$ cat coords26.cif   # mmCIF, C-alpha atoms; chains and numbers go by the auth columns
data_input
#
loop_
_atom_site.group_PDB
_atom_site.id
_atom_site.type_symbol
_atom_site.label_atom_id
_atom_site.label_comp_id
_atom_site.label_asym_id
_atom_site.label_seq_id
_atom_site.Cartn_x
_atom_site.Cartn_y
_atom_site.Cartn_z
_atom_site.B_iso_or_equiv
_atom_site.auth_seq_id
_atom_site.auth_asym_id
ATOM 1 C CA MET A 1 5.256 -13.808 -28.154 0.00 29 D
ATOM 2 C CA GLN A 2 6.579 -10.425 -29.371 0.00 30 D
ATOM 3 C CA ASP A 3 3.569 -10.026 -31.678 0.00 31 D
ATOM 4 C CA HIS A 4 1.225 -10.449 -28.717 0.00 32 D
ATOM 5 C CA VAL A 5 3.057 -7.863 -26.602 0.00 33 D
ATOM 6 C CA ASN A 6 3.183 -5.282 -29.393 0.00 34 D
ATOM 7 C CA GLN A 7 -0.483 -5.518 -30.392 0.00 35 D
ATOM 8 C CA PRO A 8 -2.276 -2.189 -30.280 0.00 36 D
ATOM 9 C CA ARG A 9 -4.645 -1.935 -27.346 0.00 37 D
ATOM 10 C CA THR A 10 -8.145 -0.679 -27.797 0.00 38 D
ATOM 11 C CA GLY A 11 -10.099 1.281 -25.246 0.00 39 D
ATOM 12 C CA THR A 12 -9.746 4.456 -23.288 0.00 40 D
ATOM 13 C CA THR A 13 -6.644 5.358 -21.330 0.00 41 D
ATOM 14 C CA TYR A 14 -7.107 7.294 -18.102 0.00 42 D
ATOM 15 C CA ASN A 15 -4.211 9.096 -16.492 0.00 43 D
ATOM 16 C CA ASN A 16 -4.718 9.902 -12.838 0.00 44 D
ATOM 17 C CA TYR A 17 -2.543 12.205 -10.790 0.00 45 D
ATOM 18 C CA LEU A 18 -2.426 11.057 -7.170 0.00 46 D
ATOM 19 C CA PRO A 19 -0.410 13.467 -5.015 0.00 47 D
ATOM 20 C CA ASN A 20 1.131 11.940 -1.900 0.00 48 D
ATOM 21 C CA ALA A 21 -0.543 8.608 -2.645 0.00 49 D
ATOM 22 C CA LYS A 22 0.466 5.742 -0.396 0.00 50 D
ATOM 23 C CA GLY A 23 -0.562 2.151 -0.919 0.00 51 D
ATOM 24 C CA VAL A 24 -2.127 2.837 -4.304 0.00 52 D
ATOM 25 C CA ILE A 25 -2.724 -0.071 -6.643 0.00 53 D
ATOM 26 C CA ILE A 26 -2.214 0.841 -10.284 0.00 54 D
ATOM 27 C CA GLY A 27 -3.536 -1.177 -13.187 0.00 55 D
ATOM 28 C CA GLU A 28 -6.606 -3.312 -13.526 0.00 56 D
ATOM 29 C CA GLN A 29 -7.762 -5.309 -10.539 0.00 57 D
ATOM 30 C CA ARG A 30 -10.667 -7.495 -9.737 0.00 58 D
ATOM 31 C CA ASP A 31 -11.624 -8.779 -6.295 0.00 59 D
ATOM 32 C CA PHE A 32 -8.530 -7.711 -4.395 0.00 60 D
ATOM 33 C CA THR A 33 -7.823 -6.786 -0.801 0.00 61 D
ATOM 34 C CA GLN A 34 -5.381 -4.052 0.084 0.00 62 D
ATOM 35 C CA ASN A 35 -3.896 -3.746 3.549 0.00 63 D
ATOM 36 C CA ASN A 36 -2.229 -0.484 4.417 0.00 64 D
ATOM 37 C CA THR A 37 0.000 -0.413 7.481 0.00 65 D
ATOM 38 C CA ASP A 38 1.167 3.134 6.876 0.00 66 D
ATOM 39 C CA GLY A 39 -1.328 4.638 9.317 0.00 67 D
ATOM 40 C CA VAL A 40 -0.874 5.376 12.959 0.00 68 D
ATOM 41 C CA ASP A 41 -2.791 4.223 16.005 0.00 69 D
ATOM 42 C CA PRO A 42 -3.971 7.506 17.509 0.00 70 D
ATOM 43 C CA THR A 43 -5.073 5.983 20.831 0.00 71 D
ATOM 44 C CA MET A 44 -2.100 7.225 22.866 0.00 72 D
ATOM 45 C CA PHE A 45 -2.486 10.729 21.417 0.00 73 D
ATOM 46 C CA VAL A 46 -6.178 10.835 22.318 0.00 74 D
ATOM 47 C CA GLN A 47 -5.306 9.682 25.837 0.00 75 D
ATOM 48 C CA LEU A 48 -2.550 12.283 26.136 0.00 76 D
ATOM 49 C CA ALA A 49 -4.847 15.096 25.018 0.00 77 D
ATOM 50 C CA GLY A 50 -7.555 13.983 27.449 0.00 78 D
ATOM 51 C CA TYR A 51 -5.109 13.691 30.318 0.00 79 D
ATOM 52 C CA ILE A 52 -3.715 17.179 29.718 0.00 80 D
ATOM 53 C CA GLY A 53 -7.241 18.563 29.604 0.00 81 D
ATOM 54 C CA GLN A 54 -7.996 16.971 32.973 0.00 82 D
ATOM 55 C CA VAL A 55 -4.830 17.951 34.830 0.00 83 D
ATOM 56 C CA SER A 56 -4.101 21.383 33.357 0.00 84 D
ATOM 57 C CA PRO A 57 -5.805 23.238 36.251 0.00 85 D
ATOM 58 C CA ILE A 58 -3.590 21.541 38.867 0.00 86 D
ATOM 59 C CA LEU A 59 -0.243 21.974 37.102 0.00 87 D
ATOM 60 C CA GLY A 60 0.393 25.369 38.699 0.00 88 D
ATOM 61 C CA LEU A 61 0.950 27.109 35.377 0.00 89 D
ATOM 62 C CA PRO A 62 0.198 30.800 34.864 0.00 90 D
ATOM 63 C CA ASP A 63 -3.200 31.294 33.238 0.00 91 D
ATOM 64 C CA GLU A 64 -1.717 32.253 29.871 0.00 92 D
ATOM 65 C CA ASP A 65 0.447 29.112 29.760 0.00 93 D
ATOM 66 C CA ARG A 66 -2.418 26.905 30.951 0.00 94 D
ATOM 67 C CA VAL A 67 -4.726 28.245 28.222 0.00 95 D
ATOM 68 C CA GLU A 68 -2.052 27.625 25.582 0.00 96 D
ATOM 69 C CA LEU A 69 -1.452 24.090 26.910 0.00 97 D
ATOM 70 C CA GLU A 70 -5.184 23.359 26.720 0.00 98 D
ATOM 71 C CA ARG A 71 -5.367 24.771 23.181 0.00 99 D
ATOM 72 C CA VAL A 72 -2.560 22.498 21.995 0.00 100 D
ATOM 73 C CA ALA A 73 -4.203 19.523 23.735 0.00 101 D
ATOM 74 C CA GLN A 74 -7.433 20.332 21.888 0.00 102 D
ATOM 75 C CA ASP A 75 -5.542 20.553 18.571 0.00 103 D
ATOM 76 C CA LEU A 76 -3.943 17.170 19.294 0.00 104 D
ATOM 77 C CA HIS A 77 -7.317 15.649 20.128 0.00 105 D
ATOM 78 C CA GLU A 78 -8.874 16.979 16.920 0.00 106 D
ATOM 79 C CA GLU A 79 -6.030 15.631 14.784 0.00 107 D
ATOM 80 C CA ALA A 80 -5.952 12.256 16.548 0.00 108 D
ATOM 81 C CA THR A 81 -9.695 11.750 16.154 0.00 109 D
ATOM 82 C CA SER A 82 -9.817 12.890 12.529 0.00 110 D
ATOM 83 C CA GLY A 83 -10.487 10.366 9.792 0.00 111 D
ATOM 84 C CA ASN A 84 -6.837 10.214 8.738 0.00 112 D
ATOM 85 C CA PRO A 85 -4.495 11.650 11.380 0.00 113 D
ATOM 86 C CA GLU A 86 -1.174 12.888 10.017 0.00 114 D
ATOM 87 C CA GLN A 87 1.926 11.680 11.821 0.00 115 D
ATOM 88 C CA GLY A 88 3.655 15.034 11.391 0.00 116 D
ATOM 89 C CA ARG A 89 0.838 16.939 13.061 0.00 117 D
ATOM 90 C CA LEU A 90 0.545 14.379 15.864 0.00 118 D
ATOM 91 C CA ARG A 91 4.293 14.666 16.438 0.00 119 D
ATOM 92 C CA GLN A 92 4.119 18.469 16.378 0.00 120 D
ATOM 93 C CA PHE A 93 1.299 18.761 18.929 0.00 121 D
ATOM 94 C CA ALA A 94 2.623 16.035 21.253 0.00 122 D
ATOM 95 C CA THR A 95 6.075 17.625 21.207 0.00 123 D
ATOM 96 C CA GLN A 96 4.582 21.034 21.995 0.00 124 D
ATOM 97 C CA LEU A 97 2.724 19.569 24.961 0.00 125 D
ATOM 98 C CA LYS A 98 5.837 17.824 26.229 0.00 126 D
ATOM 99 C CA ASP A 99 7.935 20.980 25.872 0.00 127 D
ATOM 100 C CA LYS A 100 5.340 23.125 27.662 0.00 128 D
ATOM 101 C CA LEU A 101 5.195 20.646 30.527 0.00 129 D
ATOM 102 C CA LEU A 102 8.993 20.562 30.755 0.00 130 D
ATOM 103 C CA GLU A 103 9.181 24.371 30.773 0.00 131 D
ATOM 104 C CA GLY A 104 6.573 25.263 33.313 0.00 132 D
ATOM 105 C CA ALA A 105 5.352 22.458 35.491 0.00 133 D
ATOM 106 C CA SER A 106 7.116 20.377 38.109 0.00 134 D
ATOM 107 C CA THR A 107 4.295 18.296 39.560 0.00 135 D
ATOM 108 C CA MET A 108 3.778 14.557 39.448 0.00 136 D
ATOM 109 C CA ALA A 109 0.884 15.193 37.050 0.00 137 D
ATOM 110 C CA ALA A 110 3.267 17.018 34.700 0.00 138 D
ATOM 111 C CA THR A 111 5.798 14.186 34.934 0.00 139 D
ATOM 112 C CA GLN A 112 3.063 11.709 34.008 0.00 140 D
ATOM 113 C CA GLY A 113 2.072 13.888 31.043 0.00 141 D
ATOM 114 C CA ILE A 114 5.682 14.061 29.861 0.00 142 D
ATOM 115 C CA GLN A 115 5.959 10.267 30.029 0.00 143 D
ATOM 116 C CA MET A 116 2.697 9.845 28.117 0.00 144 D
ATOM 117 C CA ALA A 117 3.930 12.245 25.404 0.00 145 D
ATOM 118 C CA GLU A 118 7.231 10.375 25.110 0.00 146 D
ATOM 119 C CA GLN A 119 5.417 7.039 24.757 0.00 147 D
ATOM 120 C CA ALA A 120 3.062 8.407 22.121 0.00 148 D
ATOM 121 C CA LEU A 121 5.937 9.941 20.171 0.00 149 D
ATOM 122 C CA ALA A 122 7.926 6.682 20.370 0.00 150 D
ATOM 123 C CA ALA A 123 4.973 4.840 18.811 0.00 151 D
ATOM 124 C CA LEU A 124 5.179 6.894 15.615 0.00 152 D
ATOM 125 C CA VAL A 125 6.877 5.315 12.641 0.00 153 D
ATOM 126 C CA GLN A 126 10.077 7.177 11.969 0.00 154 D
#
$ encode --input "coords26.cif" --output "structure tokens"
Amino acid sequence: MQDHVNQPRTGTTYNNYLPNAKGVIIGEQRDFTQNNTDGVDPTMFVQLAGYIGQVSPILGLPDEDRVELERVAQDLHEEATSGNPEQGRLRQFATQLKDKLLEGASTMAATQGIQMAEQALAALVQ
């Protein structure tokens, strides 16, 4: 057995550097299926961004704050609808929206937005 293990191998060796790789299969494979559950379902973040975009005019925020709220909602929407949304960026934008709603708005629409942000944030893998 030892002779078989220690036999020199012929062929080319390729060394690949994969920064921040998750779910990578290393070695030789043939006809395999890989399931990656590391991703995030961005649905709640898309809904949150859309909701904020719809209700921002009725929140009673000063124009400057409303514009900033809409900008963050747009950033969240872009990240959530990207090909591979990053949890850290989703968390950052959703938290910013929640904080802005907590700071400046006291309507039922704001309360609903805060609840939506909390639900979306709770759905992220810690």
$ atom_distance --input "coords26.cif" --atom1 "atom CA of Gln120 of chain D" --atom2 "atom CA of Ser134 of chain D"
22.0 Å
$ atom_distance --input "coords26.cif" --atom1 "atom CA of Glu131 of chain D" --atom2 "atom CA of Val68 of chain D"
27.9 Å
$ resolve_selection --input "coords26.cif" --expression "the PyMOL selection byres ((chain D and resi 83-90) around 10)" --output "MDAnalysis selection string"
chainID D and resid 78:82 91:95 97:98 101 128:129 131:138 141
$ atom_distance --input "coords26.cif" --atom1 "atom CA of Glu96 of chain D" --atom2 "atom CA of Asp69 of chain D"
25.3 Å
$ resolve_selection --input "coords26.cif" --expression "the PyMOL selection byres ((chain D and resi 104) around 7)" --output "PyMOL selection string"
chain D and resi 73+77+100-103+105-108+118+121-122
$ residues_around --input "coords26.cif" --residues "Thr123 of chain D" --least-positions-apart "4" --cutoff "9 Å" --atoms "all atoms listed in the file" --output "PDB file with C-alpha atoms, in the frame of the given file"
ATOM      1  CA  LEU D 118       0.545  14.379  15.864  1.00  0.00           C
ATOM      2  CA  ARG D 119       4.293  14.666  16.438  1.00  0.00           C
ATOM      3  CA  ASP D 127       7.935  20.980  25.872  1.00  0.00           C
ATOM      4  CA  LYS D 128       5.340  23.125  27.662  1.00  0.00           C
ATOM      5  CA  ALA D 145       3.930  12.245  25.404  1.00  0.00           C
ATOM      6  CA  GLU D 146       7.231  10.375  25.110  1.00  0.00           C
ATOM      7  CA  LEU D 149       5.937   9.941  20.171  1.00  0.00           C
TER       8      LEU D 149
END
$ closest_residue --input "coords26.cif" --among "D:Thr109, D:Gln115, D:Gln75, D:Pro70" --to "Gln140 of chain D" --atoms "all atoms listed in the file"
D:Gln75
